[in-house]
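J.: Next up, work-v9.tsv (TSV, C-alpha atoms).
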chain	number	residue	atom	x	y	z
J	298	MET	CA	-24.22	16.69	-26.31
J	299	ALA	CA	-25.34	14.07	-23.78
J	300	LYS	CA	-23.92	14.37	-20.30
J	301	VAL	CA	-21.03	12.04	-19.53
J	302	PHE	CA	-21.24	10.33	-16.17
J	303	GLU	CA	-17.64	9.61	-15.25
J	304	ALA	CA	-15.18	9.99	-12.39
J	305	THR	CA	-11.39	9.68	-12.22
J	306	VAL	CA	-9.51	9.34	-8.96
J	307	THR	CA	-6.12	8.32	-7.63
J	308	ALA	CA	-5.64	6.38	-4.44
J	309	PRO	CA	-2.49	5.75	-2.41
J	310	VAL	CA	-0.49	2.77	-1.29
J	311	ASN	CA	-0.38	2.13	2.43
J	312	ILE	CA	2.31	0.17	4.22
J	313	ALA	CA	1.29	-1.43	7.51
J	314	VAL	CA	3.47	-1.00	10.57
J	315	ILE	CA	1.13	-3.27	12.56
J	316	LYS	CA	0.29	-6.06	10.16
J	317	TYR	CA	-3.08	-7.45	9.11
J	318	TRP	CA	-2.84	-11.19	8.61
J	319	GLY	CA	-5.78	-13.54	9.04
J	320	LYS	CA	-9.56	-13.33	8.71
J	321	ARG	CA	-12.34	-14.27	11.12
J	322	ASP	CA	-14.81	-14.07	8.22
J	323	ALA	CA	-13.41	-14.66	4.74
J	324	ALA	CA	-16.55	-13.63	2.86
J	325	LEU	CA	-16.86	-10.21	4.54
J	326	ILE	CA	-13.09	-9.87	4.96
J	327	LEU	CA	-13.24	-9.30	8.70
J	328	PRO	CA	-9.75	-9.42	10.23
J	329	THR	CA	-8.63	-11.37	13.24
J	330	ASN	CA	-6.82	-8.30	14.55
J	331	SER	CA	-6.67	-4.55	14.12
J	332	SER	CA	-3.83	-3.04	12.08
J	333	LEU	CA	-2.18	0.32	11.49
J	334	SER	CA	-0.49	1.77	8.44
J	335	VAL	CA	1.25	4.77	6.95
J	336	THR	CA	-0.21	6.18	3.73
J	337	LEU	CA	2.53	6.96	1.19
J	338	SER	CA	2.55	9.88	-1.21
J	339	GLN	CA	0.60	9.48	-4.42
J	340	ASP	CA	3.23	11.56	-6.18
J	341	HIS	CA	5.33	8.39	-6.21
J	342	LEU	CA	2.98	5.43	-5.65
J	343	SER	CA	-0.66	5.43	-6.70
J	344	THR	CA	-3.44	3.77	-8.65
J	345	ARG	CA	-5.48	5.90	-11.05
J	346	THR	CA	-8.97	4.68	-11.91
J	347	THR	CA	-11.60	6.04	-14.26
J	348	ILE	CA	-15.17	4.73	-14.19
J	349	ARG	CA	-17.89	5.71	-16.65
J	350	ALA	CA	-21.55	4.72	-16.47
J	351	ALA	CA	-23.65	4.75	-19.64
J	352	PRO	CA	-26.99	3.20	-20.65
J	353	GLU	CA	-25.49	1.94	-23.91
J	354	PHE	CA	-22.84	-0.17	-22.13
J	355	THR	CA	-24.04	-3.76	-22.38
J	356	GLY	CA	-22.29	-4.83	-19.18
J	357	ASP	CA	-19.47	-4.07	-16.78
J	358	ARG	CA	-15.92	-4.21	-18.17
J	359	LEU	CA	-12.53	-3.76	-16.51
J	360	TRP	CA	-9.09	-2.94	-17.89
J	361	LEU	CA	-6.11	-3.20	-15.55
J	362	ASN	CA	-2.84	-1.72	-16.77
J	363	GLY	CA	-4.06	-1.90	-20.36
J	364	VAL	CA	-5.29	-5.51	-20.26
J	365	GLU	CA	-8.96	-6.46	-20.04
J	366	GLU	CA	-9.73	-8.61	-17.00
J	367	SER	CA	-12.83	-10.64	-16.18
J	368	ILE	CA	-15.02	-9.03	-13.53
J	369	ALA	CA	-17.06	-12.22	-13.21
J	370	ALA	CA	-13.93	-14.09	-12.11
J	371	SER	CA	-13.53	-11.93	-9.00
J	372	LYS	CA	-16.16	-12.24	-6.26
J	373	ARG	CA	-14.48	-9.43	-4.36
J	374	LEU	CA	-14.70	-7.06	-7.28
J	375	ILE	CA	-18.34	-7.95	-7.76
J	376	ASN	CA	-18.98	-7.40	-4.04
J	377	SER	CA	-17.47	-3.91	-4.06
J	378	ILE	CA	-19.34	-2.83	-7.19
J	379	THR	CA	-22.62	-4.37	-6.00
J	380	THR	CA	-22.37	-2.69	-2.59
J	381	ALA	CA	-21.73	0.72	-4.17
J	382	ARG	CA	-24.61	0.18	-6.60
J	383	LYS	CA	-26.99	-0.53	-3.72
J	384	LEU	CA	-25.98	2.74	-2.06
J	385	ARG	CA	-26.60	4.59	-5.33
J	386	ALA	CA	-29.96	2.85	-5.83
J	387	ALA	CA	-31.07	4.08	-2.41
J	388	LEU	CA	-30.32	7.66	-3.51
J	389	GLU	CA	-32.21	7.19	-6.75
J	390	GLN	CA	-35.29	5.98	-4.85
J	391	GLN	CA	-35.26	9.24	-2.89
J	392	ASP	CA	-34.76	11.48	-5.96
J	393	ALA	CA	-36.92	10.86	-9.00
J	394	ASP	CA	-34.74	13.18	-11.11
J	395	ALA	CA	-31.52	11.29	-10.39
J	396	ALA	CA	-30.00	9.46	-13.35
J	397	PRO	CA	-30.42	5.69	-12.90
J	398	LEU	CA	-26.68	5.08	-12.77
J	399	SER	CA	-27.12	2.00	-10.58
J	400	THR	CA	-28.73	0.19	-13.52
J	401	TRP	CA	-26.24	1.21	-16.21
J	402	GLY	CA	-23.15	-0.66	-17.34
J	403	LEU	CA	-19.75	0.45	-16.11
J	404	HIS	CA	-16.43	0.74	-17.91
J	405	ILE	CA	-13.59	0.69	-15.41
J	406	CYS	CA	-10.00	1.46	-16.37
J	407	SER	CA	-7.21	1.31	-13.78
J	408	GLU	CA	-3.45	1.85	-13.95
J	409	ASN	CA	-0.71	1.51	-11.34
J	410	ASN	CA	2.54	3.44	-11.44
J	411	PHE	CA	4.30	0.64	-9.53
J	412	PRO	CA	4.61	-3.17	-9.76
J	413	THR	CA	1.35	-5.06	-9.25
J	414	ALA	CA	1.17	-7.96	-6.74
J	415	ALA	CA	4.81	-7.70	-5.65
J	416	GLY	CA	4.40	-6.78	-2.01
J	417	LEU	CA	3.66	-3.08	-2.60
J	418	ALA	CA	-0.01	-3.13	-1.58
J	419	SER	CA	-1.32	-2.85	-5.15
J	420	SER	CA	-4.66	-4.41	-4.26
J	421	ALA	CA	-5.10	-1.85	-1.46
J	422	SER	CA	-4.64	1.18	-3.69
J	423	GLY	CA	-6.57	-0.53	-6.49
J	424	TYR	CA	-9.71	-1.18	-4.49
J	425	ALA	CA	-9.48	2.17	-2.72
J	426	ALA	CA	-9.34	3.86	-6.14
J	427	LEU	CA	-12.26	1.75	-7.37
J	428	VAL	CA	-14.47	2.59	-4.40
J	429	SER	CA	-13.45	6.26	-4.36
J	430	ALA	CA	-14.27	6.53	-8.07
J	431	LEU	CA	-17.62	4.80	-7.55
J	432	GLY	CA	-18.33	7.15	-4.65
J	433	ALA	CA	-17.58	10.18	-6.81
J	434	LEU	CA	-19.46	8.85	-9.84
J	435	PHE	CA	-22.52	7.87	-7.81
J	436	GLU	CA	-22.31	11.02	-5.64
J	437	LEU	CA	-22.51	8.92	-2.50
J	438	PRO	CA	-22.89	10.91	0.74
J	439	GLN	CA	-21.20	8.31	2.93
J	440	SER	CA	-18.10	9.25	4.96
J	441	ALA	CA	-14.62	7.93	4.20
J	442	SER	CA	-14.96	5.47	7.09
J	443	ASP	CA	-18.30	4.28	5.69
J	444	LEU	CA	-16.80	3.82	2.24
J	445	SER	CA	-13.81	2.05	3.77
J	446	ARG	CA	-16.17	-0.81	4.57
J	447	VAL	CA	-17.04	-1.03	0.88
J	448	ALA	CA	-13.33	-1.09	-0.02
J	449	ARG	CA	-12.75	-3.71	2.68
J	450	VAL	CA	-14.97	-6.29	0.98
J	451	GLY	CA	-12.71	-6.00	-2.06
J	452	SER	CA	-9.34	-6.07	-0.30
J	453	GLY	CA	-8.96	-5.84	3.44
J	454	SER	CA	-6.03	-3.43	3.51
J	455	ALA	CA	-7.78	-1.23	0.92
J	456	CYS	CA	-9.88	0.27	3.69
J	457	ARG	CA	-6.74	1.93	5.09
J	458	SER	CA	-5.99	3.56	1.70
J	459	MET	CA	-9.22	5.55	2.00
J	460	PHE	CA	-7.35	7.99	4.26
J	461	GLY	CA	-4.06	9.82	4.23
J	462	GLY	CA	-1.57	10.05	7.06
J	463	PHE	CA	-1.64	7.35	9.72
J	464	VAL	CA	-4.61	4.98	9.60
J	465	ALA	CA	-6.01	2.25	11.84
J	466	TRP	CA	-8.23	-0.54	10.59
J	467	GLN	CA	-10.43	-1.39	13.54
J	468	ALA	CA	-11.08	-5.13	13.53
J	469	GLY	CA	-14.52	-4.75	15.10
J	470	ILE	CA	-16.58	-7.44	16.80
J	471	SER	CA	-19.90	-7.42	14.92
J	472	ASP	CA	-20.66	-10.46	12.78
J	473	ASP	CA	-21.98	-8.26	9.97
J	474	GLY	CA	-18.77	-6.19	9.76
J	475	SER	CA	-20.53	-2.90	10.48
J	476	ASP	CA	-17.81	-1.85	12.94
J	477	SER	CA	-14.83	-3.13	10.94
J	478	GLN	CA	-13.63	0.05	9.27
J	479	ALA	CA	-10.72	2.44	8.86
J	480	VAL	CA	-10.20	5.59	10.89
J	481	GLN	CA	-7.50	8.21	10.64
J	482	VAL	CA	-5.13	8.26	13.62
J	483	ALA	CA	-3.24	11.37	12.47
J	484	ASP	CA	-3.12	13.32	9.22
J	485	ARG	CA	-0.09	13.71	6.98
J	486	GLN	CA	0.84	17.11	8.45
J	487	HIS	CA	1.17	15.62	11.93
J	488	TRP	CA	4.63	14.18	11.23
J	489	PRO	CA	5.95	15.75	8.03
J	490	GLU	CA	9.56	14.77	8.78
J	491	LEU	CA	8.79	11.06	8.35
J	492	GLN	CA	9.90	9.63	5.01
J	493	ALA	CA	10.07	6.19	3.42
J	494	LEU	CA	12.46	4.47	1.05
J	495	VAL	CA	11.02	1.54	-0.88
J	496	LEU	CA	13.56	-1.02	-2.08
J	497	VAL	CA	12.05	-2.98	-4.96
J	498	VAL	CA	13.76	-6.35	-4.71
J	499	SER	CA	11.33	-8.01	-7.10
J	500	ASP	CA	8.52	-6.77	-9.31
J	501	GLN	CA	7.32	-10.31	-10.01
J	502	LYS	CA	4.00	-11.64	-8.76
J	503	LYS	CA	4.42	-13.51	-5.48
J	504	THR	CA	4.11	-17.29	-5.53
J	505	VAL	CA	1.73	-17.46	-2.53
J	506	SER	CA	-1.04	-14.86	-2.55
J	507	SER	CA	-1.91	-13.02	0.65
J	508	THR	CA	-5.41	-14.51	0.58
J	509	ALA	CA	-4.16	-18.09	0.41
J	510	GLY	CA	-1.26	-17.50	2.77
J	511	MET	CA	-3.19	-15.96	5.62
J	512	GLN	CA	-5.87	-18.63	5.61
J	513	THR	CA	-3.23	-21.34	5.87
J	514	THR	CA	-1.65	-19.42	8.74
J	515	VAL	CA	-4.96	-19.19	10.61
J	516	ASP	CA	-5.48	-22.94	10.15
J	517	THR	CA	-1.98	-24.16	11.07
J	518	SER	CA	0.18	-21.66	13.00
J	519	GLN	CA	0.42	-22.07	16.76
J	520	LEU	CA	2.16	-18.71	17.11
J	521	PHE	CA	-0.67	-16.91	15.35
J	522	ALA	CA	-3.19	-17.21	18.21
J	523	GLU	CA	-0.81	-15.59	20.70
J	524	ARG	CA	-0.12	-12.75	18.28
J	525	VAL	CA	-3.83	-12.01	17.89
J	526	ARG	CA	-4.71	-12.42	21.55
J	527	THR	CA	-1.87	-10.53	23.24
J	528	VAL	CA	0.78	-8.98	21.02
J	529	VAL	CA	-1.21	-6.95	18.51
J	530	PRO	CA	-3.51	-5.18	21.01
J	531	GLN	CA	-0.49	-4.04	23.02
J	532	ARG	CA	1.37	-2.90	19.91
J	533	MET	CA	-1.63	-1.01	18.52
J	534	GLU	CA	-1.78	1.03	21.72
J	535	ALA	CA	1.99	1.58	21.82
J	536	MET	CA	2.17	2.53	18.14
J	537	GLN	CA	-0.60	5.10	18.40
J	538	LYS	CA	1.23	6.62	21.35
J	539	ALA	CA	4.51	6.73	19.40
J	540	ILE	CA	2.78	8.45	16.47
J	541	ALA	CA	1.00	10.94	18.72
J	542	GLU	CA	4.30	11.85	20.39
J	543	ARG	CA	6.32	11.64	17.15
J	544	ASP	CA	8.67	9.25	18.96
J	545	PHE	CA	10.66	7.74	16.12
J	546	ALA	CA	12.71	5.34	18.24
J	547	ALA	CA	9.54	3.75	19.61
J	548	PHE	CA	7.84	3.83	16.19
J	549	ALA	CA	10.87	2.14	14.61
J	550	GLU	CA	11.25	-0.64	17.16
J	551	ILE	CA	7.55	-1.55	17.09
J	552	THR	CA	7.57	-1.48	13.28
J	553	MET	CA	10.54	-3.82	12.98
J	554	ARG	CA	9.37	-6.17	15.72
J	555	ASP	CA	5.94	-6.47	14.15
J	556	SER	CA	7.38	-7.11	10.69
J	557	ASN	CA	9.66	-9.79	12.13
J	558	GLN	CA	6.81	-11.45	13.97
J	559	PHE	CA	4.55	-11.38	10.93
J	560	HIS	CA	7.18	-13.25	8.91
J	561	ALA	CA	7.87	-15.59	11.83
J	562	VAL	CA	4.17	-16.49	11.86
J	563	CYS	CA	4.38	-17.13	8.12
J	564	LEU	CA	7.31	-19.49	8.72
J	565	ASP	CA	5.33	-21.18	11.51
J	566	THR	CA	2.58	-21.85	8.98
J	567	TYR	CA	2.49	-25.43	7.67
J	568	PRO	CA	3.71	-25.76	5.00
J	569	PRO	CA	5.86	-22.70	5.77
J	570	ILE	CA	5.52	-19.50	3.75
J	571	SER	CA	8.60	-17.41	3.03
J	572	TYR	CA	7.96	-14.04	1.40
J	573	MET	CA	11.41	-12.61	2.12
J	574	ASN	CA	14.51	-13.69	0.21
J	575	ASP	CA	18.25	-13.42	0.85
J	576	THR	CA	18.34	-9.82	-0.33
J	577	SER	CA	15.42	-8.93	1.95
J	578	ARG	CA	17.19	-10.41	4.95
J	579	ALA	CA	20.43	-8.65	4.06
J	580	ILE	CA	18.63	-5.30	3.96
J	581	ALA	CA	17.21	-5.90	7.44
J	582	GLY	CA	20.67	-6.71	8.74
J	583	ILE	CA	22.13	-3.54	7.24
J	584	VAL	CA	19.39	-1.44	8.85
J	585	HIS	CA	20.33	-2.79	12.28
J	586	ALA	CA	24.02	-2.20	11.52
J	587	PHE	CA	23.22	1.35	10.40
J	588	ASN	CA	21.45	2.08	13.68
J	589	THR	CA	24.50	0.79	15.54
J	590	ALA	CA	26.84	2.89	13.40
J	591	VAL	CA	24.97	6.14	14.08
J	592	GLY	CA	24.46	5.32	17.75
J	593	ARG	CA	20.64	5.44	17.82
J	594	VAL	CA	17.55	3.98	16.19
J	595	ALA	CA	17.43	6.09	13.04
J	596	ALA	CA	15.90	3.65	10.55
J	597	ALA	CA	13.22	0.98	10.57
J	598	TYR	CA	12.42	-1.72	8.03
J	599	THR	CA	9.13	-3.44	7.36
J	600	TYR	CA	8.09	-6.10	4.85
J	601	ASP	CA	4.59	-6.94	3.71
J	602	ALA	CA	3.81	-10.23	1.95
J	603	GLY	CA	6.68	-9.93	-0.51
J	604	PRO	CA	10.45	-9.41	-0.65
J	605	ASN	CA	10.38	-5.63	-1.08
J	606	ALA	CA	11.59	-3.55	1.86
J	607	VAL	CA	10.21	-0.25	3.12
J	608	ILE	CA	12.61	1.73	5.29
J	609	TYR	CA	11.17	4.49	7.44
J	610	ALA	CA	13.40	7.32	8.67
J	611	LEU	CA	13.23	10.98	9.48
J	612	LYS	CA	14.17	13.43	6.74
J	613	ASP	CA	17.50	14.40	8.33
J	614	ASP	CA	18.67	10.76	8.33
J	615	MET	CA	17.40	9.72	4.92
J	616	ARG	CA	20.41	11.05	3.00
J	617	ASP	CA	22.75	8.69	4.87
J	618	ILE	CA	20.35	5.80	4.27
J	619	VAL	CA	19.99	6.46	0.54
J	620	GLU	CA	23.76	6.85	0.13
J	621	LEU	CA	24.40	3.59	2.02
J	622	PHE	CA	21.86	1.42	0.25
J	623	THR	CA	22.53	2.69	-3.27
J	624	HIS	CA	26.21	1.91	-2.60
J	625	CYS	CA	25.53	-1.60	-1.27
J	626	PHE	CA	22.97	-2.40	-3.98
J	627	PRO	CA	24.33	-0.81	-7.17
J	628	ARG	CA	22.41	0.03	-10.31
J	629	PRO	CA	22.58	-2.49	-13.17
J	630	ASP	CA	23.81	-1.04	-16.46
J	631	ALA	CA	20.49	-1.75	-18.18
J	632	VAL	CA	18.55	0.48	-15.77
J	633	LEU	CA	18.52	4.24	-16.28
J	634	PRO	CA	19.75	6.33	-13.32
J	635	GLU	CA	16.44	8.23	-13.05
J	636	THR	CA	14.57	4.90	-12.96
J	637	PHE	CA	16.88	3.40	-10.36
J	638	TYR	CA	16.53	6.35	-8.01
J	639	ALA	CA	14.38	9.30	-9.05
J	640	ASN	CA	16.03	11.75	-6.62
J	641	SER	CA	12.67	13.36	-5.84
J	642	PHE	CA	14.06	15.00	-2.69
J	643	ALA	CA	17.34	16.26	-4.23
J	644	VAL	CA	19.55	13.95	-2.19
J	645	PHE	CA	22.10	13.92	-5.01
J	646	ASP	CA	23.39	16.68	-7.28
J	647	THR	CA	23.30	14.62	-10.49
J	648	PRO	CA	21.25	11.60	-11.70
J	649	GLY	CA	24.32	9.33	-11.84
J	650	ALA	CA	25.45	10.09	-8.30
J	651	PRO	CA	23.58	7.38	-6.31
J	652	GLY	CA	26.06	4.82	-5.06
J	653	THR	CA	29.12	6.98	-5.71
J	654	ARG	CA	29.51	8.78	-2.38
J	655	ILE	CA	28.88	8.39	1.34
J	656	THR	CA	29.36	11.59	3.30
J	657	ASN	CA	29.04	10.25	6.87
J	658	PRO	CA	32.36	8.58	7.91
J	659	ASN	CA	30.62	6.08	10.21
J	660	VAL	CA	28.24	5.09	7.44
J	661	ALA	CA	31.13	4.87	4.96
J	662	GLN	CA	32.89	2.43	7.28
J	663	LEU	CA	29.70	0.36	7.52
J	664	ALA	CA	29.43	0.33	3.73
J	665	GLN	CA	32.92	-1.15	3.45
J	666	THR	CA	32.01	-3.85	5.96
J	667	ALA	CA	28.69	-4.65	4.28
J	668	GLY	CA	30.24	-4.72	0.82
J	669	LYS	CA	28.48	-4.56	-2.52
J	670	PHE	CA	25.78	-6.96	-3.62
J	671	PRO	CA	25.36	-7.99	-7.27
J	672	ALA	CA	23.98	-5.17	-9.41
J	673	GLY	CA	20.23	-5.55	-9.74
J	674	SER	CA	19.71	-7.22	-6.36
J	675	VAL	CA	17.57	-4.15	-5.73
J	676	ARG	CA	15.86	-3.24	-8.97
J	677	ARG	CA	15.05	0.34	-7.99
J	678	PHE	CA	14.55	2.70	-5.08
J	679	ILE	CA	11.43	4.80	-4.49
J	680	HIS	CA	11.96	7.70	-2.07
J	681	THR	CA	8.66	9.01	-0.77
J	682	GLU	CA	6.90	10.50	2.25
J	683	VAL	CA	3.62	10.41	4.15
J	684	GLY	CA	0.78	11.24	1.78
J	685	ASP	CA	-2.89	12.15	1.51
J	686	GLY	CA	-5.98	10.08	0.79
J	687	PRO	CA	-7.79	9.56	-2.53
J	688	ARG	CA	-7.88	12.51	-4.93
J	689	VAL	CA	-10.62	13.30	-7.46
J	690	LEU	CA	-9.04	14.35	-10.76
J	691	PRO	CA	-10.39	16.56	-13.54
J	692	ALA	CA	-11.92	15.06	-16.69
J	693	SER	CA	-8.70	15.81	-18.59
J	694	GLN	CA	-6.99	13.04	-16.57
J	695	SER	CA	-9.48	10.37	-17.66
J	696	LEU	CA	-8.13	6.99	-18.74
J	697	LEU	CA	-11.08	6.49	-21.11
J	698	ASP	CA	-11.59	8.01	-24.55
J	699	ALA	CA	-14.73	9.68	-25.90
J	700	ALA	CA	-16.30	6.28	-26.60
J	701	GLY	CA	-15.63	5.06	-23.09
J	702	MET	CA	-12.80	2.74	-24.10
J	703	PRO	CA	-9.24	2.68	-22.65
J	704	LYS	CA	-6.79	5.18	-24.08
J	705	HIS	CA	-3.91	2.78	-23.46
J	706	VAL	CA	-4.23	-0.90	-24.34
J	707	ARG	CA	-1.59	-3.65	-24.24
J	708	GLU	CA	-1.79	-6.68	-26.50
As structure tokens, how would this structure be written, given the file I've shared?

T.:
Amino acid sequence: MAKVFEATVTAPVNIAVIKYWGKRDAALILPTNSSLSVTLSQDHLSTRTTIRAAPEFTGDRLWLNGVEESIAASKRLINSITTARKLRAALEQQDADAAPLSTWGLHICSENNFPTAAGLASSASGYAALVSALGALFELPQSASDLSRVARVGSGSACRSMFGGFVAWQAGISDDGSDSQAVQVADRQHWPELQALVLVVSDQKKTVSSTAGMQTTVDTSQLFAERVRTVVPQRMEAMQKAIAERDFAAFAEITMRDSNQFHAVCLDTYPPISYMNDTSRAIAGIVHAFNTAVGRVAAAYTYDAGPNAVIYALKDDMRDIVELFTHCFPRPDAVLPETFYANSFAVFDTPGAPGTRITNPNVAQLAQTAGKFPAGSVRRFIHTEVGDGPRVLPASQSLLDAAGMPKHVRE
């Protein structure tokens, strides 16, 4: 039987606490400022990608969540694949016995276990999975930081998903982008108590893409220049210090302030861009009220380019937060309890318990004041934690069948 040249990987979602918004070079995806993110666990949020190379494939093909997509329509996708192929070709020139994988067609199959293009960094995990799978398939010797530059030319924030834990994307200063790459600030074991609760307000594709939105911001926002010049450098330094010292109060305040400023810059864009909605703003208000109720900064919200909220908190405070928000944003009847809140960390005794009890009296009083929003205002909750970087999976986890075609296809 002929050898099958194939690799399957998963890659994580990352949620920035210091936001990337704006490019100094759109073609190379070089950012105007550095950024910093937390990698979330792949047990709850990930992209799985299988890539096979074969001489009989007549060209490159891509299936995303069971639907074939045009590779030719995406310059960024072409750039990532072409860059990885060049690295493989260099290896083949050095080793006459190496299979000429760089010249063969590729079948790429990718699936997300979370909503695509709804403010949950799907492009980041998608391109990180693509590049990680290409790296494994092509047996590339480059480091994760080196490969992060390949992921970057597909989706800027994808470079941060090449690592687990806490990750900085260094903006760099070189025109060729050689110093614009991701580095790990701290691994996942550094702060194991930190958890995240994702509130999926919408799983619909956003009306203004990040690519279009940030370019308009760069061109029109007067606040943007001050953010890049002064605010972000100071916050990057302060955030790395907060992470190093595991100082949650400092981490939380910087996270919320940076999220607020990012969305303020979007509103200062002309025409203005509004990614948050009324539910998003209500969640932010409840987080501040929760911190007041417990007498300290125990929770922090952040929003990427979409309405979905991510709330960071330490493990000991997350029960109160889950009880509060599942009470204020109840489950619609059409959604199964295990879909609404999977209870991965055994916060509740039974699947139907979310929203039915609040054990902390101060939080219970806050819940009465906040009231209940219409069922379905939050479509589901995803409780997760800090996670690792891309994982290479065994052949049994392949998304392609024996013929190199997708196992799961949607009409």

J.: Could you give me, as a VMD selection string, the residues within 12 Å of region 640-644 of chain J, counting all atoms listed in the file and dropping anything in the same chain fewer than 6 positions from it?

T.: chain J and resid 338 340 to 341 492 to 494 612 to 620 623 634 650 to 652 654 to 656 677 to 682

J.: For Arg446 (chain J), which of J:Trp466, J:Trp360, J:Trp318, J:Tyr638 is the closest residue, counting only C-alpha atoms?

T.: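 Smallest distance to Arg446 (chain J) is found for J:Trp466.
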
J.: So which residues touch Glu534 (chain J) within 12 Å, counting only C-alpha atoms, skipping near sequence neighbours fewer than 5 positions away, as a PyMOL selection string?

T.: chain J and resi 315+331-333+465+482+527-529+539-541+547-548+551

J.: Between J:Tyr424, J:Tyr317, J:Phe545, J:Phe354, single out the one closest to Pro687 (chain J), counting all atoms listed in the file.

T.: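 Answer, going by the shortest atom-to-atom distance: J:Tyr424.
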
J.: How many Å separate CA of Gln694 (chain J) from CA of Leu427 (chain J)?

T.: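 If I compute the distance from CA of Gln694 (chain J) to CA of Leu427 (chain J), I get 15.5 Å.
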
J.: Have a look at J:Val301, J:Met702, J:Ala596, J:Leu325 and name the one nearest to Ser471 (chain J); count all atoms listed in the file.

T.: J:Leu325

J.: For a test of reading the model, state the distance in Å between CA of Trp401 (chain J) and CA of Thr379 (chain J), rounded to one decimal.

T.: 12.2 Å

J.: Which one of J:Pro671, J:Pro604, J:Gly402, J:Gly469 sits closest to Ser499 (chain J) if you count all atoms listed in the file?

T.: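 Closest to Ser499 (chain J) of all the choices is J:Pro604.
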
J.: Which is closer to Asn362 (chain J) than all the others in J:Cys406, J:Arg524, J:Ser343, J:Asp392, using all atoms listed in the file?

T.: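 The answer is J:Cys406, which sits nearest to Asn362 (chain J).
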
J.: Out of J:Arg628, J:Lys316, J:Lys538, J:Arg485, which residue has the shortest atom-to-atom distance to Thr552 (chain J) when counting all atoms listed in the file?

T.: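 Going through J:Arg628, J:Lys316, J:Lys538, J:Arg485 one by one, the smallest distance to Thr552 (chain J) is for J:Lys316.
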
J.: In Å, how far is it from CA of Val464 (chain J) to CA of Gln481 (chain J)?

T.: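 If I compute the distance from CA of Val464 (chain J) to CA of Gln481 (chain J), I get 4.5 Å.
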
J.: Enclose region 636-645 of chain J, meaning all of its atoms listed in the file, in a box aligned along x, y and z, pad it by 6 Å on each side, and list the centre and edge lengths in Å to one decimal, as lines of an AutoDock Vina configuration file.

T.:
center_x = 17.4
center_y = 9.8
center_z = -7.6
size_x = 21.4
size_y = 24.9
size_z = 22.8

J.: Which polymer residues, whether protein, DNA or RNA, lie within 6 Å of the coordinate (16.1, 3.8, 20.5) when you count all atoms listed in the file? List them as a list of chain:residue names, using the chain letters and numbers from the file.

T.: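 Output: J:Ala546, J:Arg593, J:Val594.
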
J.: Which polymer residues have any atom within 12 Å of an atom of Val632 (chain J), counting only C-alpha atoms, with same-chain residues fewer than 3 positions away left out, as a ChimeraX atom specification?

T.: /J:627-629,635-639,649,672-673,675-678

J.: Excluding Gln519 (chain J) and its own-chain neighbours fewer than 2 positions away, which residues fall within 10 Å of it when counting all atoms listed in the file? Please give them as a list in words.

T.: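 Using all atoms listed in the file, the neighbours found are Thr514, Val515, Asp516, Thr517, Phe521, Ala522, Glu523, Arg524, Val562, Asp565, Thr566 and Tyr567 of chain J.
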
J.: Excluding same-chain residues fewer than 6 positions from Thr347 (chain J), what lies within 12 Å of it counting only C-alpha atoms, as a ChimeraX atom specification?

T.: /J:302-308,358-362,403-408,423,426-434,688-698,701-704

J.: Selection from above, C-alpha atoms, as a short mmCIF file (atom, residue, chain, number, x, y, z; two decimals), in the coordinates of the input, can you write it?

T.:
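part37.cif written:
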data_model
loop_
_atom_site.label_atom_id
_atom_site.label_comp_id
_atom_site.auth_asym_id
_atom_site.auth_seq_id
_atom_site.Cartn_x
_atom_site.Cartn_y
_atom_site.Cartn_z
CA PHE J 302 -21.24 10.33 -16.17
CA GLU J 303 -17.64 9.61 -15.25
CA ALA J 304 -15.18 9.99 -12.39
CA THR J 305 -11.39 9.68 -12.22
CA VAL J 306 -9.51 9.34 -8.96
CA THR J 307 -6.12 8.32 -7.63
CA ALA J 308 -5.64 6.38 -4.44
CA ARG J 358 -15.92 -4.21 -18.17
CA LEU J 359 -12.53 -3.76 -16.51
CA TRP J 360 -9.09 -2.94 -17.89
CA LEU J 361 -6.11 -3.20 -15.55
CA ASN J 362 -2.84 -1.72 -16.77
CA LEU J 403 -19.75 0.45 -16.11
CA HIS J 404 -16.43 0.74 -17.91
CA ILE J 405 -13.59 0.69 -15.41
CA CYS J 406 -10.00 1.46 -16.37
CA SER J 407 -7.21 1.31 -13.78
CA GLU J 408 -3.45 1.85 -13.95
CA GLY J 423 -6.57 -0.53 -6.49
CA ALA J 426 -9.34 3.86 -6.14
CA LEU J 427 -12.26 1.75 -7.37
CA VAL J 428 -14.47 2.59 -4.40
CA SER J 429 -13.45 6.26 -4.36
CA ALA J 430 -14.27 6.53 -8.07
CA LEU J 431 -17.62 4.80 -7.55
CA GLY J 432 -18.33 7.15 -4.65
CA ALA J 433 -17.58 10.18 -6.81
CA LEU J 434 -19.46 8.85 -9.84
CA ARG J 688 -7.88 12.51 -4.93
CA VAL J 689 -10.62 13.30 -7.46
CA LEU J 690 -9.04 14.35 -10.76
CA PRO J 691 -10.39 16.56 -13.54
CA ALA J 692 -11.92 15.06 -16.69
CA SER J 693 -8.70 15.81 -18.59
CA GLN J 694 -6.99 13.04 -16.57
CA SER J 695 -9.48 10.37 -17.66
CA LEU J 696 -8.13 6.99 -18.74
CA LEU J 697 -11.08 6.49 -21.11
CA ASP J 698 -11.59 8.01 -24.55
CA GLY J 701 -15.63 5.06 -23.09
CA MET J 702 -12.80 2.74 -24.10
CA PRO J 703 -9.24 2.68 -22.65
CA LYS J 704 -6.79 5.18 -24.08
#
